[in-house]
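*Asks:* So here's final08.pdb (PDB, C-alpha atoms, pLDDT in the B column).
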ATOM      1  CA  MET C   1     237.186 -95.384  80.131  1.00 54.00           C
ATOM      2  CA  ASN C   2     233.703 -94.636  78.814  1.00 85.00           C
ATOM      3  CA  CYS C   3     232.703 -91.014  78.952  1.00 94.00           C
ATOM      4  CA  TYR C   4     229.262 -89.780  79.945  1.00 97.00           C
ATOM      5  CA  GLN C   5     226.979 -88.662  77.129  1.00 98.00           C
ATOM      6  CA  VAL C   6     225.285 -85.408  78.133  1.00 98.00           C
ATOM      7  CA  VAL C   7     222.770 -82.867  76.863  1.00 98.00           C
ATOM      8  CA  ILE C   8     223.103 -79.376  78.335  1.00 98.00           C
ATOM      9  CA  ASP C   9     219.927 -77.313  78.674  1.00 97.00           C
ATOM     10  CA  THR C  10     220.087 -73.738  77.408  1.00 97.00           C
ATOM     11  CA  ASN C  11     219.680 -72.253  80.886  1.00 96.00           C
ATOM     12  CA  VAL C  12     223.095 -73.662  81.824  1.00 98.00           C
ATOM     13  CA  LEU C  13     224.780 -71.845  78.926  1.00 97.00           C
ATOM     14  CA  VAL C  14     223.023 -68.593  79.780  1.00 97.00           C
ATOM     15  CA  ALA C  15     224.063 -68.937  83.439  1.00 98.00           C
ATOM     16  CA  ALA C  16     227.681 -69.461  82.325  1.00 97.00           C
ATOM     17  CA  ALA C  17     227.466 -66.331  80.161  1.00 96.00           C
ATOM     18  CA  ARG C  18     226.194 -64.342  83.146  1.00 96.00           C
ATOM     19  CA  SER C  19     228.816 -65.402  85.674  1.00 96.00           C
ATOM     20  CA  GLN C  20     232.246 -66.987  85.697  1.00 95.00           C
ATOM     21  CA  ARG C  21     231.797 -67.970  89.338  1.00 96.00           C
ATOM     22  CA  GLY C  22     229.102 -70.595  89.066  1.00 96.00           C
ATOM     23  CA  ALA C  23     228.910 -74.293  88.377  1.00 98.00           C
ATOM     24  CA  SER C  24     227.707 -73.734  84.801  1.00 98.00           C
ATOM     25  CA  TYR C  25     230.841 -71.852  83.828  1.00 97.00           C
ATOM     26  CA  ALA C  26     233.049 -74.357  85.683  1.00 97.00           C
ATOM     27  CA  LEU C  27     231.391 -77.245  83.855  1.00 97.00           C
ATOM     28  CA  LEU C  28     231.803 -75.716  80.407  1.00 97.00           C
ATOM     29  CA  LYS C  29     235.442 -74.917  81.187  1.00 96.00           C
ATOM     30  CA  THR C  30     236.093 -78.670  81.437  1.00 96.00           C
ATOM     31  CA  LEU C  31     235.499 -79.042  77.675  1.00 95.00           C
ATOM     32  CA  PRO C  32     236.955 -80.883  75.912  1.00 95.00           C
ATOM     33  CA  SER C  33     236.890 -83.717  78.383  1.00 94.00           C
ATOM     34  CA  GLU C  34     237.670 -87.407  78.453  1.00 94.00           C
ATOM     35  CA  LYS C  35     235.017 -87.804  81.164  1.00 96.00           C
ATOM     36  CA  TRP C  36     231.986 -86.423  79.327  1.00 97.00           C
ATOM     37  CA  LYS C  37     230.783 -85.517  75.860  1.00 97.00           C
ATOM     38  CA  MET C  38     228.267 -82.833  75.113  1.00 98.00           C
ATOM     39  CA  ASN C  39     225.642 -83.607  72.438  1.00 98.00           C
ATOM     40  CA  VAL C  40     223.822 -81.127  70.216  1.00 98.00           C
ATOM     41  CA  SER C  41     221.207 -81.032  67.475  1.00 96.00           C
ATOM     42  CA  SER C  42     220.235 -78.297  65.032  1.00 95.00           C
ATOM     43  CA  ALA C  43     217.208 -77.374  67.145  1.00 93.00           C
ATOM     44  CA  LEU C  44     219.277 -77.082  70.315  1.00 96.00           C
ATOM     45  CA  LEU C  45     221.969 -75.029  68.570  1.00 97.00           C
ATOM     46  CA  MET C  46     219.326 -72.619  67.276  1.00 96.00           C
ATOM     47  CA  GLU C  47     217.992 -72.187  70.796  1.00 96.00           C
ATOM     48  CA  TYR C  48     221.514 -71.761  72.187  1.00 97.00           C
ATOM     49  CA  GLU C  49     222.219 -69.085  69.580  1.00 98.00           C
ATOM     50  CA  SER C  50     218.996 -67.200  70.230  1.00 97.00           C
ATOM     51  CA  LYS C  51     219.322 -67.154  74.016  1.00 97.00           C
ATOM     52  CA  LEU C  52     223.063 -66.454  74.081  1.00 97.00           C
ATOM     53  CA  LYS C  53     222.708 -63.555  71.669  1.00 98.00           C
ATOM     54  CA  MET C  54     219.904 -62.111  73.782  1.00 97.00           C
ATOM     55  CA  GLU C  55     222.224 -62.375  76.774  1.00 97.00           C
ATOM     56  CA  MET C  56     225.115 -60.756  74.876  1.00 97.00           C
ATOM     57  CA  THR C  57     222.802 -57.896  73.881  1.00 97.00           C
ATOM     58  CA  ARG C  58     221.621 -57.517  77.488  1.00 97.00           C
ATOM     59  CA  GLN C  59     225.247 -57.285  78.618  1.00 97.00           C
ATOM     60  CA  GLY C  60     226.218 -54.910  75.805  1.00 97.00           C
ATOM     61  CA  ARG C  61     228.726 -57.427  74.439  1.00 96.00           C
ATOM     62  CA  LEU C  62     229.514 -58.316  70.840  1.00 97.00           C
ATOM     63  CA  LEU C  63     227.258 -60.971  69.287  1.00 97.00           C
ATOM     64  CA  SER C  64     230.347 -62.513  67.718  1.00 96.00           C
ATOM     65  CA  ILE C  65     231.292 -63.752  71.195  1.00 95.00           C
ATOM     66  CA  ALA C  66     228.249 -66.035  71.114  1.00 96.00           C
ATOM     67  CA  ASP C  67     229.142 -67.217  67.600  1.00 97.00           C
ATOM     68  CA  GLU C  68     232.716 -68.060  68.604  1.00 96.00           C
ATOM     69  CA  PHE C  69     231.541 -69.889  71.711  1.00 95.00           C
ATOM     70  CA  LEU C  70     228.963 -71.899  69.754  1.00 96.00           C
ATOM     71  CA  ASN C  71     231.596 -72.856  67.176  1.00 97.00           C
ATOM     72  CA  TYR C  72     233.778 -74.085  70.027  1.00 96.00           C
ATOM     73  CA  LEU C  73     230.899 -76.105  71.505  1.00 95.00           C
ATOM     74  CA  VAL C  74     230.060 -77.712  68.167  1.00 95.00           C
ATOM     75  CA  SER C  75     233.682 -78.681  67.601  1.00 96.00           C
ATOM     76  CA  ASN C  76     233.694 -80.431  70.993  1.00 95.00           C
ATOM     77  CA  SER C  77     230.261 -82.057  70.816  1.00 97.00           C
ATOM     78  CA  GLY C  78     228.557 -85.031  69.295  1.00 96.00           C
ATOM     79  CA  ARG C  79     226.165 -83.854  66.577  1.00 96.00           C
ATOM     80  CA  HIS C  80     222.887 -85.655  66.046  1.00 94.00           C
ATOM     81  CA  GLN C  81     219.999 -85.510  63.650  1.00 88.00           C
ATOM     82  CA  ILE C  82     216.655 -86.386  65.194  1.00 82.00           C
ATOM     83  CA  TYR C  83     214.726 -88.912  63.116  1.00 74.00           C
ATOM     84  CA  PHE C  84     211.846 -89.466  65.530  1.00 65.00           C
ATOM     85  CA  LEU C  85     209.565 -87.462  67.765  1.00 64.00           C
ATOM     86  CA  LEU C  86     208.507 -88.333  71.295  1.00 63.00           C
ATOM     87  CA  ARG C  87     206.000 -85.505  71.463  1.00 58.00           C
ATOM     88  CA  PRO C  88     204.135 -84.653  73.500  1.00 60.00           C
ATOM     89  CA  PHE C  89     206.209 -85.975  76.373  1.00 59.00           C
ATOM     90  CA  LEU C  90     207.256 -83.218  78.774  1.00 57.00           C
ATOM     91  CA  ARG C  91     204.945 -80.799  80.550  1.00 65.00           C
ATOM     92  CA  ASP C  92     206.639 -77.957  78.604  1.00 60.00           C
ATOM     93  CA  ALA C  93     206.369 -79.014  74.970  1.00 58.00           C
ATOM     94  CA  GLY C  94     209.127 -76.495  74.192  1.00 67.00           C
ATOM     95  CA  ASP C  95     211.591 -78.859  75.869  1.00 75.00           C
ATOM     96  CA  ASP C  96     210.587 -82.022  73.999  1.00 84.00           C
ATOM     97  CA  PHE C  97     213.405 -81.574  71.464  1.00 88.00           C
ATOM     98  CA  ILE C  98     215.915 -81.842  74.333  1.00 92.00           C
ATOM     99  CA  ILE C  99     214.589 -85.209  75.496  1.00 90.00           C
ATOM    100  CA  GLU C 100     214.550 -86.352  71.855  1.00 91.00           C
ATOM    101  CA  LEU C 101     218.217 -85.392  71.523  1.00 95.00           C
ATOM    102  CA  ALA C 102     219.048 -87.132  74.795  1.00 95.00           C
ATOM    103  CA  VAL C 103     217.419 -90.347  73.546  1.00 93.00           C
ATOM    104  CA  ALA C 104     219.055 -90.090  70.102  1.00 94.00           C
ATOM    105  CA  SER C 105     222.513 -89.517  71.616  1.00 96.00           C
ATOM    106  CA  ARG C 106     222.025 -92.191  74.276  1.00 96.00           C
ATOM    107  CA  ALA C 107     222.742 -89.553  76.899  1.00 97.00           C
ATOM    108  CA  GLN C 108     222.894 -90.620  80.515  1.00 98.00           C
ATOM    109  CA  PHE C 109     222.313 -87.040  81.708  1.00 98.00           C
ATOM    110  CA  ILE C 110     220.442 -83.856  80.961  1.00 97.00           C
ATOM    111  CA  VAL C 111     222.140 -81.022  82.829  1.00 98.00           C
ATOM    112  CA  THR C 112     219.699 -78.238  83.710  1.00 97.00           C
ATOM    113  CA  TYR C 113     218.495 -75.911  86.441  1.00 97.00           C
ATOM    114  CA  ASN C 114     214.886 -76.826  85.622  1.00 91.00           C
ATOM    115  CA  LEU C 115     214.749 -80.348  87.015  1.00 93.00           C
ATOM    116  CA  ARG C 116     210.948 -80.449  87.141  1.00 90.00           C
ATOM    117  CA  ASP C 117     210.691 -79.581  83.457  1.00 88.00           C
ATOM    118  CA  PHE C 118     212.226 -82.955  82.613  1.00 89.00           C
ATOM    119  CA  ALA C 119     210.160 -85.172  84.889  1.00 86.00           C
ATOM    120  CA  GLY C 120     209.711 -88.459  83.083  1.00 84.00           C
ATOM    121  CA  ALA C 121     213.190 -88.531  81.512  1.00 88.00           C
ATOM    122  CA  GLY C 122     213.933 -91.487  83.783  1.00 90.00           C
ATOM    123  CA  GLU C 123     211.610 -93.569  81.605  1.00 90.00           C
ATOM    124  CA  TYR C 124     214.396 -93.451  79.023  1.00 91.00           C
ATOM    125  CA  GLY C 125     217.181 -94.070  81.535  1.00 95.00           C
ATOM    126  CA  ILE C 126     218.201 -90.417  81.570  1.00 96.00           C
ATOM    127  CA  LYS C 127     219.063 -88.702  84.839  1.00 97.00           C
ATOM    128  CA  VAL C 128     218.239 -85.012  85.146  1.00 97.00           C
ATOM    129  CA  ILE C 129     220.907 -83.238  87.156  1.00 98.00           C
ATOM    130  CA  GLU C 130     222.071 -79.719  88.057  1.00 98.00           C
ATOM    131  CA  PRO C 131     225.519 -78.506  86.943  1.00 98.00           C
ATOM    132  CA  SER C 132     226.983 -78.565  90.468  1.00 98.00           C
ATOM    133  CA  GLU C 133     225.875 -82.162  90.995  1.00 98.00           C
ATOM    134  CA  PHE C 134     227.287 -83.193  87.615  1.00 98.00           C
ATOM    135  CA  LEU C 135     230.617 -81.529  88.454  1.00 97.00           C
ATOM    136  CA  ARG C 136     230.782 -83.554  91.680  1.00 96.00           C
ATOM    137  CA  LEU C 137     230.070 -86.709  89.684  1.00 95.00           C
ATOM    138  CA  LEU C 138     232.919 -85.862  87.299  1.00 95.00           C
ATOM    139  CA  GLU C 139     235.296 -85.306  90.210  1.00 92.00           C
ATOM    140  CA  ASP C 140     234.493 -88.790  91.488  1.00 88.00           C
ATOM    141  CA  LYS C 141     234.892 -90.419  88.049  1.00 76.00           C
ATOM    142  CA  ILE C 142     238.197 -92.218  87.724  1.00 63.00           C
TER     143      ILE C 142
END
Could you rewrite the structure in this file as structure tokens?
*Replies:*
Amino acid sequence: MNCYQVVIDTNVLVAAARSQRGASYALLKTLPSEKWKMNVSSALLMEYESKLKMEMTRQGRLLSIADEFLNYLVSNSGRHQIYFLLRPFLRDAGDDFIIELAVASRAQFIVTYNLRDFAGAGEYGIKVIEPSEFLRLLEDKI
């Protein structure tokens, strides 16, 4: 069985850090998975670290929690170096590195809450999907 190649937007990780009741947390709890593989790059990991540590600080939690979680993600993800730029491509240039990672990793999906931010990803055969919709897709995958 082929597993889906996926890039997870930072807002999904932050949502999972804020609540254990939502689709973001449920999705990340499925790792490692035979159904899907998360993909990361140095740029995305730096953004993950920055935003997760801000969230840990906001919650009054230890920053080491973010470090441990990121180590876990990296150990269960495909790691990619980006050798090309597609910029400018998205309406928010700050998200271009995510589409570049999705193309480099041959991802079928970008999972995000900001669907409009990734308009145009379909040009590369990438579907932009919310965590709850992706979870339903995984449930249906045999």
*Asks:* Given all atoms listed in the file as the basis, pick out the residue of C:Lys53, C:Arg106, C:His80, C:Lys37 nearest to C:Ile8.
*Replies:*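 Closest candidate: C:Lys37.
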*Asks:* What do you get, as an MDAnalysis selection string, if you spell out every residue that the PyMOL selection byres ((chain C and resi 38-42) around 12) selects here?
*Replies:* chainID C and resid 3:10 27:28 30:37 43:49 70:83 97:111
*Asks:* Around all of stretch 68-74 of chain C's listed atoms, make the axis-aligned box with 8 Å on each side and tell me centre and edge lengths in Å to one decimal, as lines of an AutoDock Vina configuration file.
*Replies:*
center_x = 231.4
center_y = -72.9
center_z = 69.4
size_x = 20.8
size_y = 25.7
size_z = 20.5
*Asks:* Could you work out how far atom CA of C:Lys141 lies from atom CA of C:Arg116, giving the answer in Å with one decimal?
*Replies:*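 So the two atoms, atom CA of C:Arg116 and atom CA of C:Lys141, lie 26.0 Å apart.
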*Asks:* Which is closer to C:Ser132 than all the others in C:Thr112, C:Phe69, C:Ala119, C:Ser64, using only C-alpha atoms?
*Replies:*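 Of the candidates, the smallest distance to C:Ser132 is held by C:Thr112.
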*Asks:* From the options C:Ala26, C:Ala121, C:Leu52, C:Leu62, which residue's atoms come nearest to C:Arg136, counting only C-alpha atoms?
*Replies:*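 The closest residue to C:Arg136 is C:Ala26.
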*Asks:* Mind giving me the straight-line distance from atom CA of C:Tyr113 to atom CA of C:Val12 in Å, one decimal?
*Replies:*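 Interatomic distance here is 6.9 Å.
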*Asks:* What's the separation between atom CA of C:Arg21 and atom CA of C:Asp96, in Å to one decimal place?
*Replies:*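 Atom-to-atom, atom CA of C:Arg21 to atom CA of C:Asp96, that is 29.7 Å.
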*Asks:* Of the residues C:Ala17, C:Val128, C:Ala23, C:Leu115, which is the one nearest to C:Ile65, using only C-alpha atoms?
*Replies:*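 Between C:Ala17, C:Val128, C:Ala23, C:Leu115, the residue approaching C:Ile65 most closely is C:Ala17.
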*Asks:* Looking at only C-alpha atoms, which of C:Pro131, C:Gly125, C:Gly60, C:Gly120 is the one that sits closest to C:Ser24?
*Replies:*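 Nearest to C:Ser24: C:Pro131.
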